[in-house]
$ cat final31.txt   # compact mmCIF, C-alpha atoms and all ligand atoms
# COMPACT_ATOMS: atom_id res chain seq x y z
CA MET X 207 0.00 0.00 0.00
CA GLU X 208 1.43 3.33 -1.09
CA ARG X 209 0.90 5.05 2.25
CA PHE X 210 3.45 2.73 3.91
CA GLY X 211 6.10 2.74 1.16
CA ASN X 212 7.39 -0.57 -0.17
CA LEU X 213 6.97 -3.26 2.47
CA GLU X 214 9.05 -6.44 2.22
CA THR X 215 8.19 -8.32 5.38
CA LEU X 216 4.59 -7.25 6.02
CA ALA X 217 1.41 -7.36 3.98
CA VAL X 218 -1.13 -4.68 4.90
CA THR X 219 -4.72 -4.80 3.67
CA GLN X 220 -7.60 -2.46 4.33
CA GLU X 221 -10.83 -4.33 5.00
CA ASP X 222 -14.15 -2.56 5.63
CA VAL X 223 -14.00 -3.23 9.36
CA ALA X 224 -10.27 -3.39 10.09
CA THR X 225 -6.73 -2.90 8.90
CA VAL X 226 -4.97 -6.27 8.69
CA ILE X 227 -1.20 -6.54 9.09
CA SER X 228 0.26 -9.97 8.22
CA ILE X 229 3.84 -10.84 9.08
CA ALA X 230 5.18 -12.31 5.84
CA ARG X 231 8.36 -14.32 6.50
CA GLN X 232 6.94 -17.81 6.18
CA GLU X 233 10.38 -19.33 5.43
CA ALA X 234 11.40 -18.48 9.03
CA LEU X 235 7.95 -19.12 10.57
CA ASN X 236 7.45 -15.32 10.53
CA ALA X 237 10.29 -14.73 13.02
CA LEU X 238 10.80 -11.10 13.95
CA ASN X 239 14.01 -9.65 12.55
CA LYS X 240 14.96 -5.98 12.49
CA ALA X 241 13.29 -5.50 9.11
CA VAL X 242 9.91 -6.75 10.38
CA LEU X 243 10.08 -4.59 13.49
CA THR X 244 11.15 -1.52 11.50
CA GLU X 245 8.30 -1.98 9.04
CA LEU X 246 5.81 -2.53 11.86
CA ASP X 247 6.99 0.72 13.41
CA THR X 248 6.49 2.54 10.09
CA VAL X 249 2.99 1.13 9.55
CA LEU X 250 1.86 1.94 13.10
CA ASP X 251 3.10 5.53 12.72
CA ALA X 252 1.40 5.89 9.33
CA LEU X 253 -1.94 4.55 10.61
CA ARG X 254 -1.80 6.83 13.60
CA ASP X 255 -0.85 9.91 11.56
CA TYR X 256 -3.64 9.17 9.13
CA GLY X 257 -6.07 9.03 12.08
CA SER X 258 -7.31 5.52 11.28
CA SER X 259 -10.40 4.79 13.38
CA LYS X 260 -10.58 1.10 12.43
CA PRO X 261 -9.50 -1.81 14.61
CA LEU X 262 -6.12 -3.30 13.79
CA ILE X 263 -5.63 -7.04 13.30
CA ILE X 264 -2.20 -8.67 13.41
CA THR X 265 -1.65 -12.15 12.05
CA GLY X 266 1.04 -14.30 10.44
CA GLU X 267 1.07 -15.57 6.88
CA GLY X 268 0.48 -19.27 6.34
CA SER X 269 -1.08 -21.79 8.70
CA ARG X 270 2.03 -22.87 10.64
CA ALA X 271 2.94 -19.78 12.57
CA PHE X 272 1.73 -16.49 13.90
CA VAL X 273 5.33 -15.62 14.84
CA ALA X 274 7.89 -18.19 16.10
CA GLY X 275 9.88 -15.59 18.05
CA ALA X 276 12.60 -13.08 17.50
CA ASP X 277 14.99 -14.17 14.74
CA ILE X 278 17.52 -16.43 16.44
CA GLY X 279 19.99 -16.25 13.53
CA GLU X 280 20.05 -12.48 13.82
CA MET X 281 20.42 -12.55 17.61
CA ALA X 282 23.04 -15.30 17.90
CA GLY X 283 26.10 -13.11 17.34
CA MET X 284 24.88 -9.97 19.12
CA SER X 285 27.04 -8.21 21.68
CA PRO X 286 25.41 -7.30 25.02
CA GLU X 287 25.15 -3.69 23.78
CA GLU X 288 23.43 -4.73 20.57
CA ALA X 289 21.09 -7.01 22.54
CA LEU X 290 20.18 -4.11 24.83
CA GLU X 291 19.44 -1.91 21.84
CA PHE X 292 17.37 -4.65 20.14
CA SER X 293 15.37 -5.32 23.28
CA ARG X 294 14.62 -1.61 23.80
CA PHE X 295 13.73 -1.27 20.11
CA GLY X 296 11.20 -4.14 20.29
CA GLN X 297 9.82 -2.94 23.62
CA ARG X 298 9.25 0.54 22.16
CA ILE X 299 7.37 -0.78 19.13
CA PHE X 300 5.24 -3.17 21.18
CA SER X 301 4.39 -0.32 23.57
CA LYS X 302 3.39 1.73 20.54
CA LEU X 303 1.11 -1.12 19.49
CA GLU X 304 -0.36 -1.39 22.98
CA SER X 305 -1.13 2.34 22.97
CA PHE X 306 -2.61 2.30 19.46
CA PRO X 307 -5.83 4.32 19.87
CA GLN X 308 -8.10 1.66 18.40
CA VAL X 309 -8.64 -1.97 19.36
CA THR X 310 -5.85 -4.33 18.32
CA ILE X 311 -6.54 -8.02 17.79
CA ALA X 312 -4.01 -10.83 17.39
CA ALA X 313 -5.34 -13.60 15.13
CA VAL X 314 -3.04 -16.44 16.19
CA ASN X 315 -2.84 -19.10 13.50
CA GLY X 316 -0.05 -21.40 14.72
CA TYR X 317 3.10 -20.91 16.81
CA ALA X 318 3.20 -17.79 18.99
CA LEU X 319 6.53 -18.27 20.74
CA GLY X 320 8.94 -15.91 22.48
CA GLY X 321 8.69 -12.55 20.73
CA GLY X 322 5.60 -13.90 18.93
CA ASN X 323 3.71 -14.41 22.18
CA GLU X 324 5.01 -11.01 23.29
CA LEU X 325 3.60 -9.47 20.10
CA ALA X 326 0.21 -11.13 20.69
CA MET X 327 0.23 -9.93 24.30
CA ALA X 328 0.82 -6.33 23.18
CA CYS X 329 -2.57 -6.57 21.43
CA ASP X 330 -5.83 -6.00 23.32
CA ILE X 331 -7.58 -9.18 22.17
CA ARG X 332 -6.16 -12.61 21.25
CA ILE X 333 -8.12 -15.07 19.11
CA ALA X 334 -6.47 -18.45 18.63
CA ALA X 335 -6.97 -21.15 16.05
CA SER X 336 -7.18 -24.64 17.57
CA ASN X 337 -3.67 -25.45 16.24
CA ALA X 338 -2.12 -22.40 17.95
CA ARG X 339 0.78 -23.03 20.35
CA PHE X 340 2.01 -20.51 22.89
CA GLY X 341 5.19 -20.27 24.94
CA GLN X 342 8.19 -18.31 26.13
CA PRO X 343 11.01 -20.77 25.30
CA GLU X 344 13.83 -18.27 25.88
CA VAL X 345 15.46 -20.00 28.87
CA GLY X 346 16.19 -22.96 26.58
CA LEU X 347 18.23 -20.56 24.45
CA GLY X 348 20.14 -19.16 27.44
CA ILE X 349 18.20 -15.87 27.47
CA ILE X 350 15.00 -14.37 28.92
CA PRO X 351 12.04 -12.70 27.19
CA GLY X 352 13.12 -9.25 26.00
CA PHE X 353 10.15 -7.60 24.32
CA GLY X 354 8.00 -6.96 27.38
CA GLY X 355 7.02 -10.59 28.02
CA THR X 356 8.19 -10.70 31.63
CA GLN X 357 5.81 -7.84 32.39
CA ARG X 358 2.80 -8.49 30.14
CA LEU X 359 2.57 -12.24 30.73
CA ALA X 360 2.35 -11.76 34.50
CA GLN X 361 -0.24 -9.02 34.05
CA ILE X 362 -2.38 -11.14 31.74
CA VAL X 363 -2.22 -14.60 33.33
CA GLY X 364 -0.94 -13.78 36.85
CA ARG X 365 2.53 -14.29 38.25
CA ALA X 366 2.03 -17.99 39.05
CA ASN X 367 1.20 -18.92 35.45
CA ALA X 368 3.88 -16.55 34.11
CA LEU X 369 6.51 -18.22 36.31
CA ASP X 370 5.41 -21.65 35.09
CA LEU X 371 5.62 -20.67 31.43
CA ILE X 372 8.80 -18.56 31.52
CA LEU X 373 10.84 -20.84 33.83
CA SER X 374 9.84 -24.11 32.14
CA GLY X 375 9.83 -22.71 28.59
CA ARG X 376 7.07 -25.21 27.87
CA MET X 377 4.63 -24.84 25.00
CA ILE X 378 0.89 -24.82 25.68
CA ASN X 379 -1.98 -25.49 23.31
CA ALA X 380 -4.90 -23.19 22.54
CA GLN X 381 -7.22 -24.78 25.11
CA GLU X 382 -4.72 -24.34 27.94
CA ALA X 383 -4.11 -20.76 26.78
CA LEU X 384 -7.87 -20.20 27.01
CA ARG X 385 -8.05 -21.77 30.48
CA ILE X 386 -5.35 -19.50 31.92
CA GLY X 387 -6.76 -16.40 30.21
CA LEU X 388 -3.95 -15.88 27.72
CA VAL X 389 -6.42 -15.92 24.82
CA HIS X 390 -10.00 -14.74 24.67
CA LYS X 391 -11.40 -17.29 22.24
CA VAL X 392 -10.44 -20.48 20.37
CA VAL X 393 -11.84 -21.20 16.91
CA ASP X 394 -11.32 -23.93 14.33
CA GLU X 395 -7.99 -24.16 12.50
CA GLY X 396 -7.88 -21.65 9.65
CA LYS X 397 -10.62 -19.46 11.15
CA ALA X 398 -8.69 -17.08 13.42
CA LEU X 399 -8.57 -14.19 10.96
CA GLU X 400 -12.25 -14.60 10.04
CA GLU X 401 -13.21 -14.51 13.72
CA ALA X 402 -10.99 -11.46 14.31
CA LEU X 403 -12.80 -9.69 11.48
CA ASN X 404 -16.16 -10.67 13.02
CA TYR X 405 -15.03 -9.24 16.35
CA ALA X 406 -13.81 -6.07 14.62
CA LYS X 407 -17.19 -5.70 12.94
CA THR X 408 -18.98 -5.63 16.30
CA LEU X 409 -16.61 -2.86 17.44
CA MET X 410 -17.64 -0.65 14.55
CA ASN X 411 -20.97 -0.07 16.38
CA ASN X 412 -19.12 1.58 19.25
CA SER X 413 -17.69 5.09 19.57
CA ALA X 414 -14.09 5.12 18.32
CA PHE X 415 -13.45 8.09 20.61
CA ALA X 416 -14.80 6.29 23.68
CA ILE X 417 -12.79 3.15 22.83
CA ALA X 418 -9.58 5.20 22.68
CA GLN X 419 -10.35 6.78 26.05
CA ALA X 420 -11.18 3.42 27.64
CA LYS X 421 -7.90 1.91 26.41
CA LYS X 422 -5.88 4.74 27.91
CA VAL X 423 -7.50 4.26 31.29
CA LEU X 424 -7.22 0.47 31.31
CA TYR X 425 -3.50 0.50 30.48
CA ALA X 426 -2.82 3.39 32.86
CA GLY X 427 -3.47 0.86 35.63
CA SER X 428 -0.26 -1.03 34.81
CA ALA X 429 1.79 0.94 37.31
CA GLY X 430 5.44 0.01 37.62
CA LYS X 431 5.63 -1.48 34.15
CA ASP X 432 8.22 1.01 32.89
CA ASP X 433 10.63 0.00 35.65
CA GLY X 434 9.99 -3.66 34.85
CA MET X 435 10.63 -3.05 31.15
CA ALA X 436 13.94 -1.30 31.86
CA LEU X 437 15.04 -4.16 34.11
CA GLU X 438 13.98 -6.71 31.50
CA ALA X 439 16.11 -5.03 28.80
CA ASP X 440 19.13 -4.87 31.16
CA MET X 441 18.78 -8.50 32.21
CA PHE X 442 18.16 -9.59 28.60
CA SER X 443 21.39 -7.86 27.57
CA GLY X 444 23.22 -9.42 30.53
CA CYS X 445 22.41 -12.89 29.15
CA PHE X 446 24.60 -12.03 26.15
CA LYS X 447 27.63 -11.83 28.48
CA HIS X 448 27.13 -15.46 29.54
CA PRO X 449 28.26 -18.47 27.45
CA ASP X 450 24.78 -20.08 27.67
CA GLN X 451 23.39 -17.57 25.15
CA ARG X 452 25.89 -18.59 22.44
CA GLU X 453 25.46 -22.26 23.26
CA GLY X 454 21.65 -22.06 23.27
CA MET X 455 21.35 -20.17 20.02
CA ASN X 456 24.10 -22.03 18.17
CA ALA X 457 22.48 -25.31 19.21
CA PHE X 458 19.11 -24.18 17.79
CA LEU X 459 20.73 -23.11 14.53
CA ALA X 460 22.66 -26.41 14.30
CA LYS X 461 19.43 -28.34 15.13
CA ARG X 462 20.95 -30.00 18.20
CA LYS X 463 20.25 -29.94 21.93
CA PRO X 464 22.13 -27.26 23.90
CA ASP X 465 24.77 -28.41 26.36
CA PHE X 466 24.51 -25.88 29.21
CA LYS X 467 27.30 -26.38 31.74
CA ARG X 468 26.23 -26.67 35.39
CA GLU X 469 28.56 -26.22 38.32
CA GLY X 470 27.68 -27.93 41.55
N1 LIG X 501 14.24 -17.48 14.42
C1 LIG X 501 14.79 -17.77 13.24
N2 LIG X 501 14.41 -18.80 12.48
C2 LIG X 501 13.39 -19.57 12.95
C3 LIG X 501 12.77 -19.30 14.17
C4 LIG X 501 13.22 -18.20 14.94
N3 LIG X 501 12.69 -17.86 16.09
N4 LIG X 501 11.82 -20.24 14.38
C5 LIG X 501 11.84 -21.05 13.31
N5 LIG X 501 12.79 -20.65 12.45
C6 LIG X 501 13.16 -21.27 11.16
C7 LIG X 501 13.93 -22.56 11.38
O1 LIG X 501 15.30 -22.30 11.60
C8 LIG X 501 13.67 -23.27 10.06
O2 LIG X 501 14.52 -22.72 9.07
P1 LIG X 501 15.23 -23.71 7.98
O3 LIG X 501 14.06 -24.30 7.23
O4 LIG X 501 16.04 -22.74 7.17
O5 LIG X 501 16.01 -24.72 8.76
C9 LIG X 501 12.24 -22.82 9.70
O6 LIG X 501 11.98 -21.65 10.47
C10 LIG X 501 11.21 -23.87 10.08
O7 LIG X 501 11.39 -24.21 11.44
P2 LIG X 501 11.64 -25.72 11.93
O8 LIG X 501 12.28 -26.54 10.87
O9 LIG X 501 12.34 -25.64 13.26
O10 LIG X 501 10.10 -26.17 12.11
P3 LIG X 501 9.54 -27.26 13.12
O11 LIG X 501 8.12 -27.47 12.72
O12 LIG X 501 10.45 -28.43 13.23
O13 LIG X 501 9.56 -26.52 14.56
C11 LIG X 501 9.25 -24.67 16.08
C12 LIG X 501 8.78 -25.37 14.77
C13 LIG X 501 8.94 -25.58 17.29
C14 LIG X 501 8.46 -23.38 16.19
C15 LIG X 501 10.76 -24.42 16.01
O14 LIG X 501 11.05 -23.76 14.78
C16 LIG X 501 11.30 -23.56 17.13
O15 LIG X 501 11.48 -24.04 18.23
N6 LIG X 501 11.57 -22.28 16.82
C17 LIG X 501 12.18 -21.37 17.77
C18 LIG X 501 11.18 -20.93 18.78
C19 LIG X 501 11.85 -20.03 19.79
O16 LIG X 501 12.73 -20.45 20.54
N7 LIG X 501 11.42 -18.77 19.82
C20 LIG X 501 11.92 -17.79 20.75
C21 LIG X 501 13.05 -17.04 20.15
S1 LIG X 501 13.81 -15.97 21.35
C22 LIG X 501 12.78 -14.67 21.43
O17 LIG X 501 11.78 -14.59 20.78
C23 LIG X 501 13.21 -13.61 22.36
C24 LIG X 501 12.30 -12.39 22.25
C25 LIG X 501 12.93 -11.20 22.82
C26 LIG X 501 13.99 -10.69 21.94
C27 LIG X 501 14.60 -9.51 22.52
C28 LIG X 501 15.46 -8.76 21.53
C29 LIG X 501 16.96 -9.00 21.54

$ encode --input "final31.txt" --output "structure tokens" --more "lines below"
Ligand code: CO8
Amino acid sequence: MERFGNLETLAVTQEDVATVISIARQEALNALNKAVLTELDTVLDALRDYGSSKPLIITGEGSRAFVAGADIGEMAGMSPEEALEFSRFGQRIFSKLESFPQVTIAAVNGYALGGGNELAMACDIRIAASNARFGQPEVGLGIIPGFGGTQRLAQIVGRANALDLILSGRMINAQEALRIGLVHKVVDEGKALEEALNYAKTLMNNSAFAIAQAKKVLYAGSAGKDDGMALEADMFSGCFKHPDQREGMNAFLAKRKPDFKREG
């Protein structure tokens, strides 16, 4: 779409009831690299400047993945300074998404892992297809969530569930995500986008102005989040000073199990 310039990693379509942004890197299960995040930033700014009063839907192209995380190949060789910058960059864009004046809906059509779950959690509403899988697998890569996940997951599902998911790194299915309140609704495989559009349609009966005001108030209640975000970025970067980060990411890229050394 002309308004956003030439996009290489996103597809943006204007439907009657919503703007739909699809992450389009199917070859890497829609993993978030710098190009995706930069384009998302550009599109969010453009929609805001244009004064779009439609809901915004975010989804991933193809049926396998919403987003399978931040791009591990891009992160593997980062210095702690670069990791800090990347974490702050992602946090800033996801906060921009969270504060988008209209309702944002994640249509989750497969894996939503790591940065992918963090992207879904920066949306107001999450609709999952029955084949969706959620998780924060970072500790298995020798790192921690770095795009706001340590803060938003605890706010959405409570600290007990957040500790379970972040410390175990385990993947949960759509029904478990529904049970713990991570998603709002589960629909048949292949139907997440359709259901998100249905939801968006119902919103068009409401006052766009009142929705924007309500969002501001609801998110204003997340006191202390800025401090948590700053700590998350620092701790994320600190992981890049430890050998486990290289081992974890190199093991993923080499398709082998990581060999984390334990003392004592
Ligand atoms: N990054 C880069 N490439 C990826 C990623 C990823 N996160 N996920 C999948 N891919 C690639 C694979 O390498 C593979 O590429 P190729 O075909 O060239 O070998 C292709 O996508 C298909 O993946 P698989 O062959 O692995 O597909 P499977 O069906 O066997 O497995 C899984 C699917 C289970 C989703 C598996 O791909 C997987 O475990 N992916 C990684 C999931 C993960 O650990 N995500 C978290 C990443 S860390 C993160 O998100 C931190 C966020 C904060 C960042 C802060 C900024 C610095």

$ residues_around --input "final31.txt" --residues "Met377 (chain X)" --least-positions-apart "6" --cutoff "9 Å" --atoms "all atoms listed in the file" --output "list in words"
Leu319, Arg339, Phe340, Gly341, Gln342, Pro343 and Leu371 of chain X

$ residues_around --input "final31.txt" --residues "Ala230 (chain X)" --least-positions-apart "3" --cutoff "9 Å" --atoms "all atoms listed in the file" --output "PDB file with C-alpha atoms, keeping the file's coordinate frame"
ATOM      1  CA  GLU X 214       9.050  -6.440   2.220  1.00  0.00           C
ATOM      2  CA  THR X 215       8.190  -8.320   5.380  1.00  0.00           C
ATOM      3  CA  LEU X 216       4.590  -7.250   6.020  1.00  0.00           C
ATOM      4  CA  ALA X 217       1.410  -7.360   3.980  1.00  0.00           C
ATOM      5  CA  GLU X 233      10.380 -19.330   5.430  1.00  0.00           C
ATOM      6  CA  LEU X 235       7.950 -19.120  10.570  1.00  0.00           C
ATOM      7  CA  ASN X 236       7.450 -15.320  10.530  1.00  0.00           C
ATOM      8  CA  VAL X 242       9.910  -6.750  10.380  1.00  0.00           C
ATOM      9  CA  GLY X 266       1.040 -14.300  10.440  1.00  0.00           C
ATOM     10  CA  GLU X 267       1.070 -15.570   6.880  1.00  0.00           C
ATOM     11  CA  GLY X 268       0.480 -19.270   6.340  1.00  0.00           C
TER      12      GLY X 268
END

$ axis_aligned_box --input "final31.txt" --around "region 353-364 of chain X" --padding-each-side "8 Å" --output "lines of an AutoDock Vina configuration file"
center_x = 3.9
center_y = -10.8
center_z = 30.6
size_x = 28.5
size_y = 23.6
size_z = 28.5

$ residues_around --input "final31.txt" --residues "Gly354 (chain X)" --least-positions-apart "3" --cutoff "7 Å" --atoms "all atoms listed in the file" --output "list in words"
Gln297, Glu324, Gln357, Arg358 and Met435 of chain X

$ atom_distance --input "final31.txt" --atom1 "CA of Ala436 (chain X)" --atom2 "CA of Pro449 (chain X)"
22.8 Å

$ atom_distance --input "final31.txt" --atom1 "atom C29 of ligand LIG 501 (chain X)" --atom2 "CA of Gly322 (chain X)"
12.6 Å

$ residues_near_ligand --input "final31.txt" --ligand "ligand LIG 501 (chain X)" --cutoff "6 Å" --atoms "all atoms listed in the file" --output "ChimeraX atom specification"
/X:233-235,237,274-279,289,292-293,317,319-321,343-344,351-353

$ write_last_selection --input "final31.txt" --atoms "C-alpha atoms" --output "tab-separated table (two decimals), in the coordinates of the input"
chain	number	residue	atom	x	y	z
X	233	GLU	CA	10.38	-19.33	5.43
X	234	ALA	CA	11.40	-18.48	9.03
X	235	LEU	CA	7.95	-19.12	10.57
X	237	ALA	CA	10.29	-14.73	13.02
X	274	ALA	CA	7.89	-18.19	16.10
X	275	GLY	CA	9.88	-15.59	18.05
X	276	ALA	CA	12.60	-13.08	17.50
X	277	ASP	CA	14.99	-14.17	14.74
X	278	ILE	CA	17.52	-16.43	16.44
X	279	GLY	CA	19.99	-16.25	13.53
X	289	ALA	CA	21.09	-7.01	22.54
X	292	PHE	CA	17.37	-4.65	20.14
X	293	SER	CA	15.37	-5.32	23.28
X	317	TYR	CA	3.10	-20.91	16.81
X	319	LEU	CA	6.53	-18.27	20.74
X	320	GLY	CA	8.94	-15.91	22.48
X	321	GLY	CA	8.69	-12.55	20.73
X	343	PRO	CA	11.01	-20.77	25.30
X	344	GLU	CA	13.83	-18.27	25.88
X	351	PRO	CA	12.04	-12.70	27.19
X	352	GLY	CA	13.12	-9.25	26.00
X	353	PHE	CA	10.15	-7.60	24.32

$ closest_residue --input "final31.txt" --among "X:Gly375, X:Gly454, X:Gly211, X:Pro261" --to "Thr408 (chain X)" --atoms "all atoms listed in the file"
X:Pro261

$ closest_atom_pairs --input "final31.txt" --of "region 384-415 of chain X" --to "region 299-310 of chain X" --cutoff "9 Å" --atoms "all atoms listed in the file" --output "CSV"
residue,atom,partner,partner_atom,distance
X:Ala406,CA,X:Val309,CA,8.1
X:Leu409,CA,X:Val309,CA,8.2
X:Ala414,CA,X:Gln308,CA,6.9
X:Phe415,CA,X:Pro307,CA,8.5

$ closest_residue --input "final31.txt" --among "X:Gly316, X:Gly257, X:Gly444, X:Gly346" --to "Arg376 (chain X)" --atoms "all atoms listed in the file"
X:Gly346

$ atom_distance --input "final31.txt" --atom1 "CA of Ile331 (chain X)" --atom2 "CA of Gly387 (chain X)"
10.8 Å

$ closest_residue --input "final31.txt" --among "X:Asp433, X:Asp440, X:Glu401, X:Glu469" --to "Thr265 (chain X)" --atoms "all atoms listed in the file"
X:Glu401

$ residues_around --input "final31.txt" --residues "Glu453 (chain X)" --least-positions-apart "4" --cutoff "9 Å" --atoms "all atoms listed in the file" --output "list of chain:residue names"
X:Leu347, X:Gly348, X:Pro449, X:Ala457, X:Phe458, X:Pro464, X:Asp465, X:Phe466

$ closest_residue --input "final31.txt" --among "X:Arg254, X:Lys461, X:Arg294, X:Lys467" --to "Thr225 (chain X)" --atoms "all atoms listed in the file"
X:Arg254

$ closest_residue --input "final31.txt" --among "X:Ala313, X:Lys463, X:Leu290, X:Met327" --to "Leu399 (chain X)" --atoms "only C-alpha atoms"
X:Ala313

$ residues_near_point --input "final31.txt" --point "(6.5, -1.7, 10.6)" --cutoff "10 Å" --atoms "only C-alpha atoms" --output "NGL selection string"
:X and (210 or 213-216 or 218 or 227 or 229 or 240-252 or 299)

$ write_last_selection --input "final31.txt" --atoms "C-alpha atoms" --output "PDB file, in the frame of the given file"
ATOM      1  CA  PHE X 210       3.450   2.730   3.910  1.00  0.00           C
ATOM      2  CA  LEU X 213       6.970  -3.260   2.470  1.00  0.00           C
ATOM      3  CA  GLU X 214       9.050  -6.440   2.220  1.00  0.00           C
ATOM      4  CA  THR X 215       8.190  -8.320   5.380  1.00  0.00           C
ATOM      5  CA  LEU X 216       4.590  -7.250   6.020  1.00  0.00           C
ATOM      6  CA  VAL X 218      -1.130  -4.680   4.900  1.00  0.00           C
ATOM      7  CA  ILE X 227      -1.200  -6.540   9.090  1.00  0.00           C
ATOM      8  CA  ILE X 229       3.840 -10.840   9.080  1.00  0.00           C
ATOM      9  CA  LYS X 240      14.960  -5.980  12.490  1.00  0.00           C
ATOM     10  CA  ALA X 241      13.290  -5.500   9.110  1.00  0.00           C
ATOM     11  CA  VAL X 242       9.910  -6.750  10.380  1.00  0.00           C
ATOM     12  CA  LEU X 243      10.080  -4.590  13.490  1.00  0.00           C
ATOM     13  CA  THR X 244      11.150  -1.520  11.500  1.00  0.00           C
ATOM     14  CA  GLU X 245       8.300  -1.980   9.040  1.00  0.00           C
ATOM     15  CA  LEU X 246       5.810  -2.530  11.860  1.00  0.00           C
ATOM     16  CA  ASP X 247       6.990   0.720  13.410  1.00  0.00           C
ATOM     17  CA  THR X 248       6.490   2.540  10.090  1.00  0.00           C
ATOM     18  CA  VAL X 249       2.990   1.130   9.550  1.00  0.00           C
ATOM     19  CA  LEU X 250       1.860   1.940  13.100  1.00  0.00           C
ATOM     20  CA  ASP X 251       3.100   5.530  12.720  1.00  0.00           C
ATOM     21  CA  ALA X 252       1.400   5.890   9.330  1.00  0.00           C
ATOM     22  CA  ILE X 299       7.370  -0.780  19.130  1.00  0.00           C
TER      23      ILE X 299
END

$ closest_residue --input "final31.txt" --among "X:Ile372, X:Ala402, X:Leu238, X:Ile417" --to "Val314 (chain X)" --atoms "all atoms listed in the file"
X:Ala402
